[in-house]
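Participant: Quick one: the structure is below, questions incoming.
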Amino acid sequence: MSKGVTDLQKLKKENDQLQKRIVELEMIEERYALAMDGANEGLWEWNPVTKDLFISSRLMETLGHSSQSRRTTTHQWLEWVHPDDVVGYEQKVSEHLKGLSEYFEWEYRVRATDGIYHWVFARGKALRDNNGIAYRMVGSVGDITERKRAEERLKQAHDELEDRVEERTKALVALNKQLSREVQERKIIEQKLKQAKEAAEQANISKDKYLAAASHDLLQPLNAARLLISTLQERDLSHKDASLVQRIHNALGSAEELLTDLLDIAKLDANAIVHEISEVPANRLLLALGEEFQSVANEANVKLRVMPCGYSIKTDPRLLGRILRNFLSNAIRYSSSGRVVLGCRRCADHIRFQVWDSGPGIPPDKLDDIFLEFHQLKENSLDRENKGVGLGLAIVERIAKILGHPIHVQSVVGKGSVFSVDVPLCEGGKQLGTQAEPLPKPPYNLSGVPVLIIDNEGSITHSMADLLNEWGMIPHCAVSKSTALAEMKYAEHTPVAILADYHLDDGETGIKVIQDIHAVYGSDIPAVIITADRTQTVSNECERLGYHILNKPLKPAKLRALLNHLLV
């Protein structure tokens with residue numbers, strides 16, 4: 001077989017394969033065209049060499065041409081492209097043919113048969129030979145006119161918004177200038193108010209300091225007077241003299257109550273009260289209050305009943321006791337020849353302590369007034385000589401806020417009142433039982449017991465010595481550490497208890513003197529600090545050292561009970 005025949009057969013075979021490939025490509029293009037029609041896009045194919053351009057029917061229909069796929073040339077297509085977009089179109093095509101971009105992408109305008117331009121987005125990719133020369137480009141093209149119109153509307157709205165913002169900004173600038181002037185004027189006013197407030201606060205601080213200092217200094221002579229009156233009460237007096245001493249005693253009690261309340265108010269207003277929350281058996285507090293107020297109730301001919309409680313509570317027992325003491329004191333004061341009940345009941349997660357009285361009651365329109373400072377319902381007071389000064393409930397309200405314990409008052413005119421305070425239960429609300437506390441120890445025979453008294457005020461030491469003498473005790477008096485150590489050294493019988501004032505001369509404190517005495521004679525000598533200083537610092541220091549503390553003006557009954565407790 002000749003070489004020519006062989007070449008002819010080879011060409012025929014290659015031609016058959018090429019035709020078959022063309023058919024396959026046409027089928028693929030037809031399927032792709034259908035898919036693109038469904039996606040509202042058209043196909044295009046372009047030959048960079050011949051400049052022949054194939055555009056699918058989808059775009060042609062959009063531009064108003066025949067629904068059949070259309071073949072055209074680059075030149076004719078560029079005639080339809082908007083003149084302003086031709087340069088960009090050709091530049092993008094050129095960049096892609098040179099391999100400067102991975103894809104050809106461009107948004108441009110094409111004129112329809114009705115003369116209206118449509119925005120289109122074309123995207124394509126070049127097919128290259130082994131040398132990297134593009135011999136064909138294929139891609140898709142879609143009508144994006146509506147999107148462009150939406151963008152134009154959005155831009156127009158944005159521009160309008162910017163105009164409105166600019167107008168509003170101008171108005172705000174003008175308003176801001178006006179506000180700046182007003183702010184400046186307000187700053188001047190605020191500065192003046194601040195200066196006035198600081199002056200008022202300074203005056204209030206000075207008032208509180210003066211009040212605390214004055215009250216502290218007044219408590220000292222009151223303490224001496226209280227001791228002297230108690231000494232007289234220990235003696236056998238005629239009925240007339242005993243009555244006179246009792247009236248003096250009542251007057252001193254009123255003055256003491258007033259000063260104590262003033263000190264408490266000053267500390268509360270200065271936020272100088274520090275509370276310490278702990279778990280406390282409610283029954284212990286109730287029994288202690290019952291024992292404390294039983295004699296007071298007896299003197300007022302009031303029947304006092306204390307109901308036991310078996311729960312444990314979370315509170316500051318010292319401050320809660322202050323609240324309940326005020327409730328009891330008022331209840332006994334206004335229930336002459338009546339009855340008072342102290343008890344508690346469980347309400348969900350808290351215990352409600354209540355003090356019931358059979359007093360005259362409080363009118364509904366006066367319930368809020370009773371918590372005002374120096375306010376009293378005079379028409380309800382049955383004890384004109386010992387009616388207080390109207391600070392007790394004001395103090396109660398302040399303490400209750402510090403503890404977070406709500407206060408409640410209910411009253412019926414002519415039948416009585418009930419004052420309540422809500423205290424949180426311990427976790428679990430466990431009931432501890434209501435067994436009674438151990439009975440108090442029998443009175444100790446204080447006769448012949450030597451005691452050391454340390455106080456820098458001569459009137460206090462003399463008055464205290466007179467009182468202890470009435471009890472049969474042997475008092476040794478000292479005004480400083482040196483005299484105290486001397487009394488301990490030369491006393492016929494070494495004192496078995498120390499009663500010391502907190503503030504002594506030359507910066508000394510009773511606590512430091514007691515520590516020095518304990519260093520020499522042993523720390524088993526019971527010590528009591530007697531002071532007019534009611535700050536938490538002193539209380540905490542005494543508690544830490546195991547010293548007992550009594551406040552001035554000293555109540556002799558409390559002192560005697562404490563000595564009995566310490567010496568038994």
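Ligands are numbered from 1 in the order shown, residues from 1 within each chain, and chains are lettered A, B, ... in the order they appear in the structure tokens.
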Skip segment 521-536 of chain A itself and residues of its chain fewer than 3 positions away, then list as a VMD selection string all residues within 8 Å of it, counting only C-alpha atoms.

Facilitator: chain A and resid 216 219 to 220 272 to 274 496 to 503 510 to 511 514 to 515 517 to 518 539 to 540 542 547 to 554 566

Participant: Assign secondary structure with DSSP using the backbone only, and return the residues of segment 19-181 of chain A in helix (DSSP H, G or I) as a count of residues only.

Facilitator: 85

Participant: Select, from A:Ile332, A:Ile313, A:Val245, A:Leu222, the residue with the minimum atom-to-atom distance to Phe353 of chain A, counting only C-alpha atoms.

Facilitator: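 Residue with the minimum atom-to-atom distance to Phe353 of chain A: A:Ile313.
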
Participant: Can you work out which one of A:Leu367, A:Ala112, A:Leu468, A:Val93 has the shortest atom-to-atom distance to His65 of chain A, counting only C-alpha atoms?

Facilitator: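 The answer is A:Ala112, which sits nearest to His65 of chain A.
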
Participant: Please provide the set of residues having any atom within 10 Å of segment 406-414 of chain A, restricted to only C-alpha atoms, with same-chain residues fewer than 2 positions apart removed, written as a ChimeraX atom specification.

Facilitator: /A:323,352-364,367-368,380,396-397,400-401,403-404,416-423

Participant: Restrict the selected residues to C-alpha atoms and save them as a PDB file, in the first residue's frame.

Facilitator:
```pdb
ATOM      1  CA  ILE A 323     -33.705  46.781 117.794  1.00  0.00           C
ATOM      2  CA  ARG A 352     -40.265  37.313 112.373  1.00  0.00           C
ATOM      3  CA  PHE A 353     -39.452  38.584 115.863  1.00  0.00           C
ATOM      4  CA  GLN A 354     -42.482  40.311 117.371  1.00  0.00           C
ATOM      5  CA  VAL A 355     -43.161  42.444 120.428  1.00  0.00           C
ATOM      6  CA  TRP A 356     -46.859  42.694 121.340  1.00  0.00           C
ATOM      7  CA  ASP A 357     -48.139  45.248 123.817  1.00  0.00           C
ATOM      8  CA  SER A 358     -51.497  46.207 125.288  1.00  0.00           C
ATOM      9  CA  GLY A 359     -50.851  49.934 125.051  1.00  0.00           C
ATOM     10  CA  PRO A 360     -53.132  52.656 123.685  1.00  0.00           C
ATOM     11  CA  GLY A 361     -52.248  51.865 120.040  1.00  0.00           C
ATOM     12  CA  ILE A 362     -51.222  54.160 117.210  1.00  0.00           C
ATOM     13  CA  PRO A 363     -53.613  55.858 114.765  1.00  0.00           C
ATOM     14  CA  PRO A 364     -53.125  54.672 111.139  1.00  0.00           C
ATOM     15  CA  LEU A 367     -47.601  54.989 111.794  1.00  0.00           C
ATOM     16  CA  ASP A 368     -45.002  56.604 109.527  1.00  0.00           C
ATOM     17  CA  ASN A 380     -50.181  57.976 123.966  1.00  0.00           C
ATOM     18  CA  VAL A 396     -34.115  51.186 114.854  1.00  0.00           C
ATOM     19  CA  GLU A 397     -34.925  52.158 111.275  1.00  0.00           C
ATOM     20  CA  ALA A 400     -32.612  47.685 110.206  1.00  0.00           C
ATOM     21  CA  LYS A 401     -31.424  49.158 106.886  1.00  0.00           C
ATOM     22  CA  LEU A 403     -28.765  44.680 108.501  1.00  0.00           C
ATOM     23  CA  GLY A 404     -31.294  44.382 105.690  1.00  0.00           C
ATOM     24  CA  GLY A 416     -52.257  47.757 121.400  1.00  0.00           C
ATOM     25  CA  SER A 417     -49.456  47.431 118.873  1.00  0.00           C
ATOM     26  CA  VAL A 418     -47.070  44.846 117.498  1.00  0.00           C
ATOM     27  CA  PHE A 419     -43.588  45.765 116.248  1.00  0.00           C
ATOM     28  CA  SER A 420     -41.805  43.164 114.098  1.00  0.00           C
ATOM     29  CA  VAL A 421     -38.433  42.609 112.452  1.00  0.00           C
ATOM     30  CA  ASP A 422     -37.695  39.898 109.853  1.00  0.00           C
ATOM     31  CA  VAL A 423     -34.407  38.002 110.242  1.00  0.00           C
TER      32      VAL A 423
END
```

Participant: For Thr315 of chain A, list every protein, DNA or RNA residue within 10 Å, evaluated using only C-alpha atoms, and leave out those in the same chain fewer than 3 positions away; present the list as an mmCIF file with C-alpha atoms, in the first residue's frame.

Facilitator:
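Okay, this is what ended up in result_21.cif:
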```cif
data_model
loop_
_atom_site.group_PDB
_atom_site.id
_atom_site.type_symbol
_atom_site.label_atom_id
_atom_site.label_comp_id
_atom_site.auth_asym_id
_atom_site.auth_seq_id
_atom_site.Cartn_x
_atom_site.Cartn_y
_atom_site.Cartn_z
ATOM 1 C CA HIS A 275 -22.045 44.791 111.404
ATOM 2 C CA GLU A 276 -20.827 41.217 111.675
ATOM 3 C CA ILE A 277 -23.268 38.509 110.550
ATOM 4 C CA SER A 278 -23.114 35.150 112.314
ATOM 5 C CA GLU A 279 -25.354 32.193 113.109
ATOM 6 C CA VAL A 280 -27.169 32.692 116.402
ATOM 7 C CA ALA A 282 -32.847 32.727 118.412
ATOM 8 C CA SER A 312 -31.077 29.510 114.384
ATOM 9 C CA ARG A 318 -25.603 42.977 118.977
ATOM 10 C CA LEU A 319 -27.500 45.178 116.507
ATOM 11 C CA LEU A 320 -30.579 42.946 116.409
ATOM 12 C CA GLY A 321 -30.607 43.096 120.208
ATOM 13 C CA LEU A 403 -28.765 44.680 108.501
ATOM 14 C CA GLY A 404 -31.294 44.382 105.690
ATOM 15 C CA HIS A 405 -33.986 43.306 108.196
ATOM 16 C CA VAL A 423 -34.407 38.002 110.242
ATOM 17 C CA PRO A 424 -33.090 35.345 107.776
ATOM 18 C CA LEU A 425 -33.034 31.736 108.873
ATOM 19 C CA CYS A 426 -29.801 29.762 108.712
#
```

Participant: Against segment 104-111 of chain A, which residues of segment 118-222 of chain A fall within 7 Å? For each one I want the closest pair of atoms and the distance in Å (one decimal), counting only C-alpha atoms, rows by chain and increasing residue number, as CSV.

Facilitator:
```
residue,atom,partner,partner_atom,distance
A:His118,CA,A:Val110,CA,5.3
A:Trp119,CA,A:Arg109,CA,4.4
A:Val120,CA,A:Tyr108,CA,5.7
A:Phe121,CA,A:Glu107,CA,4.5
A:Ala122,CA,A:Trp106,CA,5.5
A:Arg123,CA,A:Glu105,CA,4.5
A:Gly124,CA,A:Phe104,CA,5.1
A:Lys125,CA,A:Phe104,CA,6.0
```

Participant: To one decimal place in Å, what is the distance between atom CA of Trp471 of chain A and atom CA of His239 of chain A?

Facilitator: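 So the answer is 21.5 Å.
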
Participant: Which of segment 96-161 of chain A end up as strand (DSSP E) when DSSP is run on this backbone - answer as a VMD selection string?

Facilitator: chain A and resid 104 to 111 117 to 128 134 to 143

Participant: Using only C-alpha atoms, find the one residue out of A:Ile248, A:Ile55, A:Ala478, A:Leu287 that sits nearest to His462 of chain A.

Facilitator: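 Between A:Ile248, A:Ile55, A:Ala478, A:Leu287, the residue approaching His462 of chain A most closely is A:Ala478.
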